[in-house]
Amino acid sequence: MVATTIPQGGASDPKVADWAATHPAIEPVVRAIGLHQAFTSLVFTACILALAVSTALCAWQRTKAALGKANTLRQAAGADKASLTESHALEIACDPALSASEVLSVASGTLGHLGIKTKRRDDVLISKSATWSVWGSPVFHWALLALILTLIVGNLLRSEGLMGVAVGQTKADAADSYGLIHTGPLHDWRRVHRGIRVDAFEPDYQSGGIDRGPTPTVSLLDAAGKVVKTQRVYPNHTLKSGSLTIYPSDYGLSATFSLVSASGAESGRGIMLVDFSDDAAIGTVPIDYLGVSDRAGKPLYRVFVTVPLDRKDGAFVKRVPAQLTARVDATGPDGKSVFVRTMGLGERIALPVGGNLQLDDIGYYARLSVVDDWSIPLLYLSLVAAMVGLTITVVARQQIVSATVIETLDGAKLAVRMRLWRNASSSRSEIESQLTQALNGVETGSTT
Amino acid sequence: MTFEIIVMWVALTFYAAATAMYMFGVTFSKDALTKWALWASAAGLAFQVTSLGIRWARLGHGPYLGFYEVANALVFCVAAFFVIAAARNPRLNAAGVAVMPVAVLLLGGSMLASKSGLPITAKLASYWLFVHVAFANLAFGAFALSFGCAIVYVVRVRSATGKWAKRFEKLPAQDVLENLTVRFVLVGFLFWAMMITTGAIWANEAWGRYWGWDPIETWSLIVWLIYAIYLHVRFALKWRGERLAWFAIVAMLLALFALVGIPLAFNTPHAGIGGYGKDL
Ligand code: HEM
């Protein structure tokens, strides 16, 4: 509860830093107990483990209770007049004008109104819930335990990250292809052999009369580079294959450069990604840089690339601009600007190591959220089992009511035995008062 | 003001009249008045359904988006659950004294919010939207009834003797009332679990993450766990009586906070109830 009122994230997260600055008095305590990363903190993990242990204990106890109830239900099926006469919970005096058979019909009708449907066997009325009704709660608790364990194991194995891929580019699904990545300690990259390619990008894709937003077409490739699956990905239409889910988280622009000799022969290629930013002077900011070194390998400068955007009504248009140019900003190791150039398609910059950097293309890139989690089917299975168990617990009645007419010195009486568990449709006092009213007699006490 | 909104005001007026009649009827033991109160609640429900139906036909989607629609759908479930329960079991009718004010306050609050229709965006375009929101509404309807039964239970405990005791004579016996409270909690607990489950499956299908500790998600879980504790103290620790009733009352207020308070208080990406005109 407390954690929902405090910003979550690492110390460098601006929201966390802001909060820390405005709450200097309590920040040290909050930090010490890990409340900024509450849901991964040790205290929280301990709570989850405690929940798992208590769920296991509860499941065990529920199973034992269900076995007992199932046994009682089985025995109740054998209730006969003799055993009911011997032990019962209520005795209800009956109108002397009613025959034994009429008493049982009236009682059956009254109980029916209370939601207790009885069957008549010889001289005995009996209502008994189905045996499966008692298994709802144990199934629910065991499924909940399975769910918690699957969540824990799933989080240890899972990987989830953001990967920027330009149109036409293929990236290997490996840790260093991601800009931001969270991997569970048991996630094994050696077992992952696949590539992700963005084939196309539609900034305003429409389908079914709904604007789906910026939509990349993504291909998943196997280790041999063969396409496993290709589709457009947009909200509620993720690419799924085995344990993998690919979702478009954001988009930006890409600038493709090649390294060419004076004669124009190409010796390498690089793609620089840029993000949109309303605060930047030309509307974009670089995500990474290209390092340029001299022949001995000593770094000379870093090349940062941005793309000037078009403007409409005073705001930047977050699209590929009409004029395809890139601004190249070279910064020395001391942070000082070495040169700034704005270049058009096909233009070159000479590099001190020889050769030229040539701008080849400007297009879109898609930032894909890639999740690899094998635990999902198991998670769904546990959820379905838990919901089935809970539905049975809520809906299925758990009760036994049996009755017969006995002759006593004070006249005929209805002897009623009942076992009302969790989901009884009525209560003892209600059954008693309704039967007493219907049979026109006076309740005269009980023998058990 | 459009016809649709006028009809909704009429519904609110009927609900408010029903509330007043329940209060007056229960306080002064006027049975006939509480019977009329049930009719007034049913009439309010009919007007509300008409208004929501017109809106649905006009916008092409159900009441899922924005505070006005979602609070309205919650009230619809509360009133429908109550009217059906009280019609089937007339002895439950007096619980309207606690249930109908919840409906009036929530519907009144929604009438203050923006009533303009929001479109189904790409993020929301999924059949999970209907299922997920429907379960949230059903759960709240059930919790509101458990709240009503629990309030009546507490009031009757506190007025065990004297003229107040007589006023509640026609209600079901206390143990029946208690069982009903527990049953409504169980039903709400199931629907709330379905709401969380469908939400998590949707989040996974839509974004590839089933849980993100968003305040709405966290609070949904908190409320569910609180009701789980309620059921455990009832069935495992055999709690009964007034303290169990108080538990149901407080738990329902927390559920209301999760549904309405959290989306209003936090700027969550998942607006849940939609927020007062927040951009979805
Ligand atoms: C108090 C409990 C909750 C209520 C009342 C609620 C209600 C709603 C409503 C009205 C919407 C549609 C409008 C909107 O986006 O805000 C929605 C969307 C959604 N809900 Fe919930 N919800 C609750 C809890 C959850 C939980 C626990 C999850 C699961 C992790 C979840 C997952 C989602 C998802 C994925 C959407 C999709 C759209 C979006 O916001 O972008 N919800 N919910």
# chains A, B, ... in the order shown; residues from 1 in each chain; ligands from 1
>>> residues_near_ligand(ligand="ligand 1", cutoff="7 Å", atoms="only C-alpha atoms and all ligand atoms", output="mmCIF file with all heavy atoms, in the first residue's frame")
data_model
loop_
_atom_site.group_PDB
_atom_site.id
_atom_site.type_symbol
_atom_site.label_atom_id
_atom_site.label_comp_id
_atom_site.auth_asym_id
_atom_site.auth_seq_id
_atom_site.Cartn_x
_atom_site.Cartn_y
_atom_site.Cartn_z
ATOM 1 N N TYR B 64 -17.598 1.599 -20.886
ATOM 2 C CA TYR B 64 -16.308 1.203 -20.307
ATOM 3 C C TYR B 64 -15.335 2.359 -20.176
ATOM 4 O O TYR B 64 -14.285 2.209 -19.567
ATOM 5 C CB TYR B 64 -15.575 0.164 -21.165
ATOM 6 C CG TYR B 64 -16.415 -0.763 -21.987
ATOM 7 C CD1 TYR B 64 -16.317 -0.773 -23.369
ATOM 8 C CD2 TYR B 64 -17.274 -1.666 -21.368
ATOM 9 C CE1 TYR B 64 -17.066 -1.648 -24.126
ATOM 10 C CE2 TYR B 64 -18.018 -2.536 -22.132
ATOM 11 C CZ TYR B 64 -17.927 -2.517 -23.500
ATOM 12 O OH TYR B 64 -18.672 -3.364 -24.255
ATOM 13 N N LEU B 65 -15.615 3.470 -20.837
ATOM 14 C CA LEU B 65 -14.556 4.474 -20.957
ATOM 15 C C LEU B 65 -14.897 5.797 -20.278
ATOM 16 O O LEU B 65 -15.935 6.395 -20.554
ATOM 17 C CB LEU B 65 -14.246 4.748 -22.439
ATOM 18 C CG LEU B 65 -13.931 3.517 -23.279
ATOM 19 C CD1 LEU B 65 -13.626 3.905 -24.699
ATOM 20 C CD2 LEU B 65 -12.781 2.735 -22.694
ATOM 21 N N GLY B 66 -14.015 6.220 -19.403
ATOM 22 C CA GLY B 66 -14.225 7.503 -18.725
ATOM 23 C C GLY B 66 -15.041 7.292 -17.459
ATOM 24 O O GLY B 66 -15.779 6.319 -17.320
ATOM 25 N N VAL B 70 -17.979 4.412 -16.566
ATOM 26 C CA VAL B 70 -17.605 3.276 -15.714
ATOM 27 C C VAL B 70 -18.335 3.338 -14.370
ATOM 28 O O VAL B 70 -18.825 2.318 -13.868
ATOM 29 C CB VAL B 70 -16.073 3.194 -15.546
ATOM 30 C CG1 VAL B 70 -15.695 1.962 -14.761
ATOM 31 C CG2 VAL B 70 -15.410 3.132 -16.895
ATOM 32 N N LYS B 123 -5.350 0.734 -28.241
ATOM 33 C CA LYS B 123 -4.988 0.056 -26.990
ATOM 34 C C LYS B 123 -6.169 -0.703 -26.403
ATOM 35 O O LYS B 123 -6.018 -1.725 -25.743
ATOM 36 C CB LYS B 123 -4.519 1.088 -25.955
ATOM 37 C CG LYS B 123 -3.018 1.286 -25.945
ATOM 38 C CD LYS B 123 -2.671 2.496 -25.131
ATOM 39 C CE LYS B 123 -2.585 2.162 -23.662
ATOM 40 N NZ LYS B 123 -2.447 3.351 -22.833
ATOM 41 N N LEU B 124 -7.380 -0.146 -26.625
ATOM 42 C CA LEU B 124 -8.561 -0.736 -25.991
ATOM 43 C C LEU B 124 -9.310 -1.693 -26.911
ATOM 44 O O LEU B 124 -10.233 -2.371 -26.452
ATOM 45 C CB LEU B 124 -9.514 0.381 -25.552
ATOM 46 C CG LEU B 124 -8.941 1.366 -24.545
ATOM 47 C CD1 LEU B 124 -9.847 2.570 -24.410
ATOM 48 C CD2 LEU B 124 -8.768 0.709 -23.192
ATOM 49 N N LEU B 129 -11.716 -6.120 -23.223
ATOM 50 C CA LEU B 129 -12.216 -4.916 -22.553
ATOM 51 C C LEU B 129 -13.572 -5.200 -21.915
ATOM 52 O O LEU B 129 -13.793 -4.927 -20.732
ATOM 53 C CB LEU B 129 -12.328 -3.758 -23.570
ATOM 54 C CG LEU B 129 -12.952 -2.457 -23.056
ATOM 55 C CD1 LEU B 129 -12.110 -1.849 -21.948
ATOM 56 C CD2 LEU B 129 -13.119 -1.428 -24.165
ATOM 57 N N HIS B 132 -13.232 -7.924 -19.032
ATOM 58 C CA HIS B 132 -12.488 -7.400 -17.887
ATOM 59 C C HIS B 132 -13.329 -6.394 -17.083
ATOM 60 O O HIS B 132 -13.488 -6.512 -15.865
ATOM 61 C CB HIS B 132 -11.221 -6.755 -18.441
ATOM 62 C CG HIS B 132 -10.396 -5.985 -17.474
ATOM 63 N ND1 HIS B 132 -9.776 -6.560 -16.400
ATOM 64 C CD2 HIS B 132 -10.080 -4.657 -17.429
ATOM 65 C CE1 HIS B 132 -9.117 -5.623 -15.743
ATOM 66 N NE2 HIS B 132 -9.282 -4.473 -16.331
ATOM 67 N N VAL B 133 -13.907 -5.440 -17.792
ATOM 68 C CA VAL B 133 -14.685 -4.408 -17.101
ATOM 69 C C VAL B 133 -15.978 -5.004 -16.525
ATOM 70 O O VAL B 133 -16.408 -4.633 -15.429
ATOM 71 C CB VAL B 133 -14.968 -3.215 -18.043
ATOM 72 C CG1 VAL B 133 -15.793 -2.162 -17.339
ATOM 73 C CG2 VAL B 133 -13.663 -2.601 -18.524
ATOM 74 N N ALA B 136 -15.259 -6.484 -13.235
ATOM 75 C CA ALA B 136 -15.041 -5.456 -12.204
ATOM 76 C C ALA B 136 -16.400 -4.949 -11.697
ATOM 77 O O ALA B 136 -16.617 -4.803 -10.490
ATOM 78 C CB ALA B 136 -14.211 -4.305 -12.774
ATOM 79 N N MET B 195 -11.694 -10.519 -12.691
ATOM 80 C CA MET B 195 -11.315 -9.210 -13.221
ATOM 81 C C MET B 195 -9.781 -9.103 -13.282
ATOM 82 O O MET B 195 -9.219 -8.692 -14.293
ATOM 83 C CB MET B 195 -11.907 -8.128 -12.315
ATOM 84 C CG MET B 195 -11.594 -6.710 -12.699
ATOM 85 S SD MET B 195 -10.082 -6.128 -11.992
ATOM 86 C CE MET B 195 -10.526 -5.900 -10.291
ATOM 87 N N ILE B 196 -9.123 -9.531 -12.195
ATOM 88 C CA ILE B 196 -7.653 -9.464 -12.181
ATOM 89 C C ILE B 196 -7.084 -10.426 -13.232
ATOM 90 O O ILE B 196 -6.174 -10.076 -13.989
ATOM 91 C CB ILE B 196 -7.103 -9.810 -10.781
ATOM 92 C CG1 ILE B 196 -7.563 -8.761 -9.769
ATOM 93 C CG2 ILE B 196 -5.581 -9.888 -10.808
ATOM 94 C CD1 ILE B 196 -7.059 -8.999 -8.351
ATOM 95 N N THR B 197 -7.643 -11.645 -13.281
ATOM 96 C CA THR B 197 -7.133 -12.643 -14.222
ATOM 97 C C THR B 197 -7.285 -12.161 -15.666
ATOM 98 O O THR B 197 -6.334 -12.214 -16.445
ATOM 99 C CB THR B 197 -7.909 -13.970 -14.030
ATOM 100 O OG1 THR B 197 -7.731 -14.385 -12.693
ATOM 101 C CG2 THR B 197 -7.407 -15.050 -14.960
ATOM 102 N N GLY B 199 -7.653 -9.158 -16.698
ATOM 103 C CA GLY B 199 -6.786 -7.984 -16.887
ATOM 104 C C GLY B 199 -5.352 -8.413 -17.154
ATOM 105 O O GLY B 199 -4.683 -7.889 -18.046
ATOM 106 N N ALA B 200 -4.886 -9.396 -16.372
ATOM 107 C CA ALA B 200 -3.501 -9.852 -16.520
ATOM 108 C C ALA B 200 -3.310 -10.546 -17.875
ATOM 109 O O ALA B 200 -2.300 -10.321 -18.558
ATOM 110 C CB ALA B 200 -3.128 -10.789 -15.381
ATOM 111 N N TRP B 202 -5.068 -10.034 -20.530
ATOM 112 C CA TRP B 202 -5.129 -8.979 -21.555
ATOM 113 C C TRP B 202 -3.796 -8.223 -21.628
ATOM 114 O O TRP B 202 -3.253 -7.988 -22.705
ATOM 115 C CB TRP B 202 -6.294 -8.026 -21.246
ATOM 116 C CG TRP B 202 -6.529 -6.981 -22.276
ATOM 117 C CD1 TRP B 202 -5.997 -6.944 -23.548
ATOM 118 C CD2 TRP B 202 -7.351 -5.823 -22.155
ATOM 119 N NE1 TRP B 202 -6.458 -5.846 -24.212
ATOM 120 C CE2 TRP B 202 -7.286 -5.137 -23.390
ATOM 121 C CE3 TRP B 202 -8.145 -5.304 -21.143
ATOM 122 C CZ2 TRP B 202 -7.980 -3.952 -23.615
ATOM 123 C CZ3 TRP B 202 -8.837 -4.131 -21.383
ATOM 124 C CH2 TRP B 202 -8.759 -3.461 -22.596
ATOM 125 N N ALA B 203 -3.284 -7.841 -20.460
ATOM 126 C CA ALA B 203 -2.014 -7.103 -20.439
ATOM 127 C C ALA B 203 -0.929 -7.922 -21.133
ATOM 128 O O ALA B 203 -0.104 -7.393 -21.874
ATOM 129 C CB ALA B 203 -1.619 -6.778 -19.005
ATOM 130 N N ALA B 206 -1.707 -8.058 -24.890
ATOM 131 C CA ALA B 206 -1.579 -6.760 -25.546
ATOM 132 C C ALA B 206 -0.161 -6.218 -25.514
ATOM 133 O O ALA B 206 0.302 -5.612 -26.467
ATOM 134 C CB ALA B 206 -2.523 -5.756 -24.896
ATOM 135 N N TYR B 210 2.311 -9.335 -17.985
ATOM 136 C CA TYR B 210 1.027 -9.608 -17.355
ATOM 137 C C TYR B 210 0.828 -8.796 -16.080
ATOM 138 O O TYR B 210 -0.269 -8.687 -15.565
ATOM 139 C CB TYR B 210 0.850 -11.105 -17.057
ATOM 140 C CG TYR B 210 2.052 -11.739 -16.392
ATOM 141 C CD1 TYR B 210 2.267 -11.607 -15.038
ATOM 142 C CD2 TYR B 210 2.986 -12.443 -17.141
ATOM 143 C CE1 TYR B 210 3.370 -12.151 -14.429
ATOM 144 C CE2 TYR B 210 4.097 -13.003 -16.541
ATOM 145 C CZ TYR B 210 4.280 -12.863 -15.193
ATOM 146 O OH TYR B 210 5.376 -13.397 -14.597
ATOM 147 N N TRP B 211 1.891 -8.245 -15.575
ATOM 148 C CA TRP B 211 1.771 -7.492 -14.326
ATOM 149 C C TRP B 211 2.852 -6.431 -14.269
ATOM 150 O O TRP B 211 4.001 -6.717 -14.580
ATOM 151 C CB TRP B 211 1.918 -8.445 -13.130
ATOM 152 C CG TRP B 211 1.385 -7.852 -11.864
ATOM 153 C CD1 TRP B 211 2.107 -7.207 -10.917
ATOM 154 C CD2 TRP B 211 0.028 -7.832 -11.431
ATOM 155 N NE1 TRP B 211 1.276 -6.776 -9.912
ATOM 156 C CE2 TRP B 211 -0.014 -7.156 -10.204
ATOM 157 C CE3 TRP B 211 -1.167 -8.310 -11.955
ATOM 158 C CZ2 TRP B 211 -1.185 -6.957 -9.494
ATOM 159 C CZ3 TRP B 211 -2.329 -8.121 -11.251
ATOM 160 C CH2 TRP B 211 -2.332 -7.457 -10.024
ATOM 161 N N GLY B 212 2.510 -5.213 -13.867
ATOM 162 C CA GLY B 212 3.541 -4.179 -13.848
ATOM 163 C C GLY B 212 3.544 -3.351 -12.573
ATOM 164 O O GLY B 212 4.155 -2.305 -12.538
ATOM 165 N N ILE B 216 -3.213 0.673 -9.915
ATOM 166 C CA ILE B 216 -4.512 -0.015 -10.028
ATOM 167 C C ILE B 216 -4.310 -1.519 -9.827
ATOM 168 O O ILE B 216 -5.087 -2.171 -9.127
ATOM 169 C CB ILE B 216 -5.137 0.219 -11.421
ATOM 170 C CG1 ILE B 216 -5.694 1.612 -11.492
ATOM 171 C CG2 ILE B 216 -6.201 -0.821 -11.730
ATOM 172 C CD1 ILE B 216 -7.184 1.705 -11.601
ATOM 173 N N GLU B 217 -3.274 -2.042 -10.437
ATOM 174 C CA GLU B 217 -3.022 -3.486 -10.305
ATOM 175 C C GLU B 217 -2.710 -3.827 -8.848
ATOM 176 O O GLU B 217 -3.252 -4.774 -8.277
ATOM 177 C CB GLU B 217 -1.860 -3.901 -11.216
ATOM 178 C CG GLU B 217 -2.176 -3.723 -12.681
ATOM 179 C CD GLU B 217 -0.964 -3.898 -13.588
ATOM 180 O OE1 GLU B 217 0.161 -4.110 -13.087
ATOM 181 O OE2 GLU B 217 -1.132 -3.789 -14.800
ATOM 182 N N TRP B 219 -3.477 -2.200 -6.129
ATOM 183 C CA TRP B 219 -4.626 -2.056 -5.232
ATOM 184 C C TRP B 219 -5.687 -3.122 -5.473
ATOM 185 O O TRP B 219 -6.366 -3.551 -4.537
ATOM 186 C CB TRP B 219 -5.197 -0.638 -5.323
ATOM 187 C CG TRP B 219 -4.524 0.230 -4.306
ATOM 188 C CD1 TRP B 219 -3.357 0.917 -4.471
ATOM 189 C CD2 TRP B 219 -4.919 0.414 -2.947
ATOM 190 N NE1 TRP B 219 -3.020 1.534 -3.299
ATOM 191 C CE2 TRP B 219 -3.963 1.246 -2.342
ATOM 192 C CE3 TRP B 219 -5.988 -0.026 -2.177
ATOM 193 C CZ2 TRP B 219 -4.030 1.643 -1.023
ATOM 194 C CZ3 TRP B 219 -6.069 0.375 -0.841
ATOM 195 C CH2 TRP B 219 -5.102 1.190 -0.282
ATOM 196 N N SER B 220 -5.806 -3.557 -6.719
ATOM 197 C CA SER B 220 -6.759 -4.659 -6.984
ATOM 198 C C SER B 220 -6.326 -5.882 -6.196
ATOM 199 O O SER B 220 -7.144 -6.596 -5.611
ATOM 200 C CB SER B 220 -6.772 -5.038 -8.455
ATOM 201 O OG SER B 220 -6.990 -3.937 -9.235
ATOM 202 N N LEU B 221 -5.008 -6.115 -6.201
ATOM 203 C CA LEU B 221 -4.491 -7.283 -5.485
ATOM 204 C C LEU B 221 -4.674 -7.112 -3.978
ATOM 205 O O LEU B 221 -5.079 -8.048 -3.274
ATOM 206 C CB LEU B 221 -3.008 -7.461 -5.831
ATOM 207 C CG LEU B 221 -2.379 -8.741 -5.330
ATOM 208 C CD1 LEU B 221 -3.021 -9.941 -6.023
ATOM 209 C CD2 LEU B 221 -0.881 -8.765 -5.621
ATOM 210 N N ALA B 258 -10.237 1.483 -4.397
ATOM 211 C CA ALA B 258 -9.436 0.941 -5.507
ATOM 212 C C ALA B 258 -10.089 1.286 -6.846
ATOM 213 O O ALA B 258 -9.410 1.598 -7.816
ATOM 214 C CB ALA B 258 -9.290 -0.571 -5.369
ATOM 215 N N LEU B 259 -11.418 1.250 -6.865
ATOM 216 C CA LEU B 259 -12.122 1.479 -8.119
ATOM 217 C C LEU B 259 -12.161 2.953 -8.501
ATOM 218 O O LEU B 259 -11.980 3.300 -9.659
ATOM 219 C CB LEU B 259 -13.572 0.986 -7.995
ATOM 220 C CG LEU B 259 -13.778 -0.512 -8.009
ATOM 221 C CD1 LEU B 259 -15.159 -0.851 -7.492
ATOM 222 C CD2 LEU B 259 -13.615 -1.046 -9.414
ATOM 223 N N PRO B 269 -1.093 4.883 -16.077
ATOM 224 C CA PRO B 269 -1.334 4.703 -17.508
ATOM 225 C C PRO B 269 -2.614 3.912 -17.731
ATOM 226 O O PRO B 269 -3.314 4.091 -18.709
ATOM 227 C CB PRO B 269 -0.117 3.915 -17.986
ATOM 228 C CG PRO B 269 0.502 3.343 -16.762
ATOM 229 C CD PRO B 269 0.111 4.213 -15.622
ATOM 230 N N HIS B 270 -2.922 3.018 -16.777
ATOM 231 C CA HIS B 270 -4.150 2.245 -16.852
ATOM 232 C C HIS B 270 -5.151 2.999 -15.987
ATOM 233 O O HIS B 270 -5.148 2.860 -14.786
ATOM 234 C CB HIS B 270 -3.876 0.857 -16.306
ATOM 235 C CG HIS B 270 -5.110 0.072 -16.021
ATOM 236 N ND1 HIS B 270 -5.079 -1.109 -15.368
ATOM 237 C CD2 HIS B 270 -6.402 0.289 -16.295
ATOM 238 C CE1 HIS B 270 -6.292 -1.575 -15.255
ATOM 239 N NE2 HIS B 270 -7.120 -0.746 -15.802
ATOM 240 N N ALA B 271 -5.967 3.807 -16.643
ATOM 241 C CA ALA B 271 -6.824 4.689 -15.858
ATOM 242 C C ALA B 271 -7.894 3.932 -15.090
ATOM 243 O O ALA B 271 -8.508 4.461 -14.191
ATOM 244 C CB ALA B 271 -7.458 5.712 -16.771
ATOM 245 N N GLY B 272 -8.107 2.658 -15.446
ATOM 246 C CA GLY B 272 -9.116 1.868 -14.730
ATOM 247 C C GLY B 272 -10.479 2.477 -14.957
ATOM 248 O O GLY B 272 -11.016 2.393 -16.051
ATOM 249 N N ILE B 273 -10.953 3.139 -13.953
ATOM 250 C CA ILE B 273 -12.282 3.723 -14.080
ATOM 251 C C ILE B 273 -12.312 4.887 -15.072
ATOM 252 O O ILE B 273 -13.340 5.437 -15.386
ATOM 253 C CB ILE B 273 -12.790 4.118 -12.692
ATOM 254 C CG1 ILE B 273 -14.296 4.262 -12.716
ATOM 255 C CG2 ILE B 273 -12.123 5.364 -12.192
ATOM 256 C CD1 ILE B 273 -14.922 4.144 -11.372
ATOM 257 N N GLY B 274 -11.156 5.229 -15.579
ATOM 258 C CA GLY B 274 -11.142 6.219 -16.648
ATOM 259 C C GLY B 274 -10.653 7.581 -16.193
ATOM 260 O O GLY B 274 -10.031 8.294 -16.940
ATOM 261 N N LEU B 280 -7.331 8.553 -22.425
ATOM 262 C CA LEU B 280 -7.086 7.104 -22.401
ATOM 263 C C LEU B 280 -6.145 6.722 -23.543
ATOM 264 O O LEU B 280 -5.975 5.622 -23.871
ATOM 265 C CB LEU B 280 -8.402 6.346 -22.522
ATOM 266 C CG LEU B 280 -9.401 6.581 -21.393
ATOM 267 C CD1 LEU B 280 -10.662 5.804 -21.644
ATOM 268 C CD2 LEU B 280 -8.815 6.159 -20.052
#
>>> residues_around(residues="B:Pro63", least_positions_apart="3", cutoff="8 Å", atoms="only C-alpha atoms", output="list in words")
Leu52, Trp56, Glu69, Val70, Asn72 and Ala73 of chain B
>>> write_last_selection(atoms="C-alpha atoms", output="CSV table (one decimal), in the first residue's frame")
chain,number,residue,atom,x,y,z
B,52,LEU,CA,-27.1,3.6,-21.1
B,56,TRP,CA,-24.3,2.4,-26.3
B,69,GLU,CA,-19.5,5.5,-18.1
B,70,VAL,CA,-17.6,3.3,-15.7
B,72,ASN,CA,-22.5,4.3,-14.2
B,73,ALA,CA,-21.9,0.7,-15.1
>>> interface_residues(of="chain B", to="chain A", cutoff="9 Å", atoms="only C-alpha atoms", output="CSV table (one decimal) with C-alpha atoms, in the first residue's frame")
chain,number,residue,atom,x,y,z
B,120,ILE,CA,-12.2,2.9,-28.7
B,121,THR,CA,-8.5,3.4,-29.3
B,122,ALA,CA,-6.0,0.8,-30.6
B,123,LYS,CA,-5.0,0.1,-27.0
B,124,LEU,CA,-8.6,-0.7,-26.0
B,125,ALA,CA,-9.7,-2.5,-29.1
B,126,SER,CA,-10.0,-6.0,-27.7
B,172,PRO,CA,-34.0,-12.2,7.9
B,173,ALA,CA,-32.5,-13.7,11.1
B,175,ASP,CA,-27.3,-15.7,11.1
B,176,VAL,CA,-29.1,-15.7,7.7
B,179,ASN,CA,-24.5,-16.0,5.7
B,183,ARG,CA,-22.1,-15.4,0.2
B,186,LEU,CA,-17.6,-15.0,-2.0
B,187,VAL,CA,-19.4,-14.1,-5.2
B,189,PHE,CA,-14.3,-12.4,-4.5
B,190,LEU,CA,-14.7,-14.7,-7.5
B,193,ALA,CA,-10.4,-12.6,-9.2
B,194,MET,CA,-11.8,-13.0,-12.7
B,197,THR,CA,-7.1,-12.6,-14.2
B,201,ILE,CA,-4.2,-12.0,-19.6
B,202,TRP,CA,-5.1,-9.0,-21.6
B,203,ALA,CA,-2.0,-7.1,-20.4
B,204,ASN,CA,0.1,-10.1,-21.5
B,205,GLU,CA,-1.7,-10.5,-24.9
B,206,ALA,CA,-1.6,-6.8,-25.5
B,207,TRP,CA,1.8,-5.8,-24.3
B,208,GLY,CA,3.7,-9.0,-23.4
B,209,ARG,CA,3.7,-8.2,-19.6
B,213,TRP,CA,2.7,-3.1,-10.3
B,214,ASP,CA,0.7,-0.2,-11.6
B,215,PRO,CA,-1.2,1.4,-8.7
B,218,THR,CA,-1.4,-3.3,-6.9
B,219,TRP,CA,-4.6,-2.1,-5.2
B,222,ILE,CA,-4.6,-5.6,-2.1
B,235,PHE,CA,-14.0,-20.1,7.8
B,266,PHE,CA,-2.8,8.6,-9.3
>>> residues_around(residues="stretch 171-179 of chain A", least_positions_apart="2", cutoff="6 Å", atoms="only C-alpha atoms", output="MDAnalysis selection string")
chainID A and resid 162:163 194:196
>>> residues_around(residues="stretch 134-138 of chain A", least_positions_apart="6", cutoff="7 Å", atoms="only C-alpha atoms", output="list in words")
Ala59, Arg62, Thr63, Ala66, Lys69, Ala70, Gly389, Leu390, Ile392, Thr393 and Gln398 of chain A
>>> residues_around(residues="A:Arg348", least_positions_apart="2", cutoff="7 Å", atoms="only C-alpha atoms", output="PyMOL selection string")
chain A and resi 346+350+356-359
>>> write_last_selection(atoms="all heavy atoms", output="tab-separated table (two decimals), in the first residue's frame")
chain	number	residue	atom	x	y	z
A	346	GLY	N	23.79	10.94	-49.93
A	346	GLY	CA	24.91	10.77	-50.86
A	346	GLY	C	26.10	11.66	-50.53
A	346	GLY	O	27.19	11.47	-51.07
A	350	ALA	N	35.06	13.34	-45.00
A	350	ALA	CA	36.33	12.61	-44.98
A	350	ALA	C	36.72	12.30	-43.54
A	350	ALA	O	36.58	13.16	-42.67
A	350	ALA	CB	37.40	13.46	-45.64
A	356	ASN	N	35.65	7.78	-46.30
A	356	ASN	CA	34.60	8.79	-46.07
A	356	ASN	C	33.36	8.17	-45.45
A	356	ASN	O	33.07	6.99	-45.66
A	356	ASN	CB	34.17	9.38	-47.42
A	356	ASN	CG	35.32	10.02	-48.13
A	356	ASN	OD1	35.72	11.12	-47.82
A	356	ASN	ND2	35.86	9.29	-49.11
A	357	LEU	N	32.65	9.02	-44.73
A	357	LEU	CA	31.37	8.59	-44.16
A	357	LEU	C	30.29	9.17	-45.08
A	357	LEU	O	30.25	10.37	-45.32
A	357	LEU	CB	31.23	9.20	-42.76
A	357	LEU	CG	30.24	8.57	-41.82
A	357	LEU	CD1	30.59	7.12	-41.56
A	357	LEU	CD2	30.24	9.35	-40.51
A	358	GLN	N	29.46	8.28	-45.62
A	358	GLN	CA	28.45	8.74	-46.59
A	358	GLN	C	27.05	8.47	-46.07
A	358	GLN	O	26.76	7.37	-45.60
A	358	GLN	CB	28.68	8.00	-47.90
A	358	GLN	CG	27.60	8.28	-48.94
A	358	GLN	CD	27.89	7.56	-50.24
A	358	GLN	OE1	28.92	7.81	-50.88
A	358	GLN	NE2	27.00	6.67	-50.63
A	359	LEU	N	26.19	9.49	-46.15
A	359	LEU	CA	24.80	9.30	-45.70
A	359	LEU	C	24.01	8.62	-46.83
A	359	LEU	O	23.92	9.15	-47.94
A	359	LEU	CB	24.16	10.67	-45.36
A	359	LEU	CG	22.69	10.60	-44.97
A	359	LEU	CD1	22.49	9.80	-43.67
A	359	LEU	CD2	22.10	12.00	-44.79
>>> residues_around(residues="A:Val153", least_positions_apart="6", cutoff="10 Å", atoms="only C-alpha atoms", output="number ranges by chain")
A: 147, 184, 186, 374-375
>>> residues_around(residues="stretch 99-112 of chain B", least_positions_apart="2", cutoff="8 Å", atoms="only C-alpha atoms", output="list in words")
Leu12, Tyr15, Ala16, Ala18, Thr19, Ser41, Phe67, Tyr68, Glu69, Ala71, Asn72, Val75, Val78, Ala79, Phe82, Ala95, Gly96, Val97, Ser114, Lys115, Ala144, Leu145, Phe147 and Gly148 of chain B
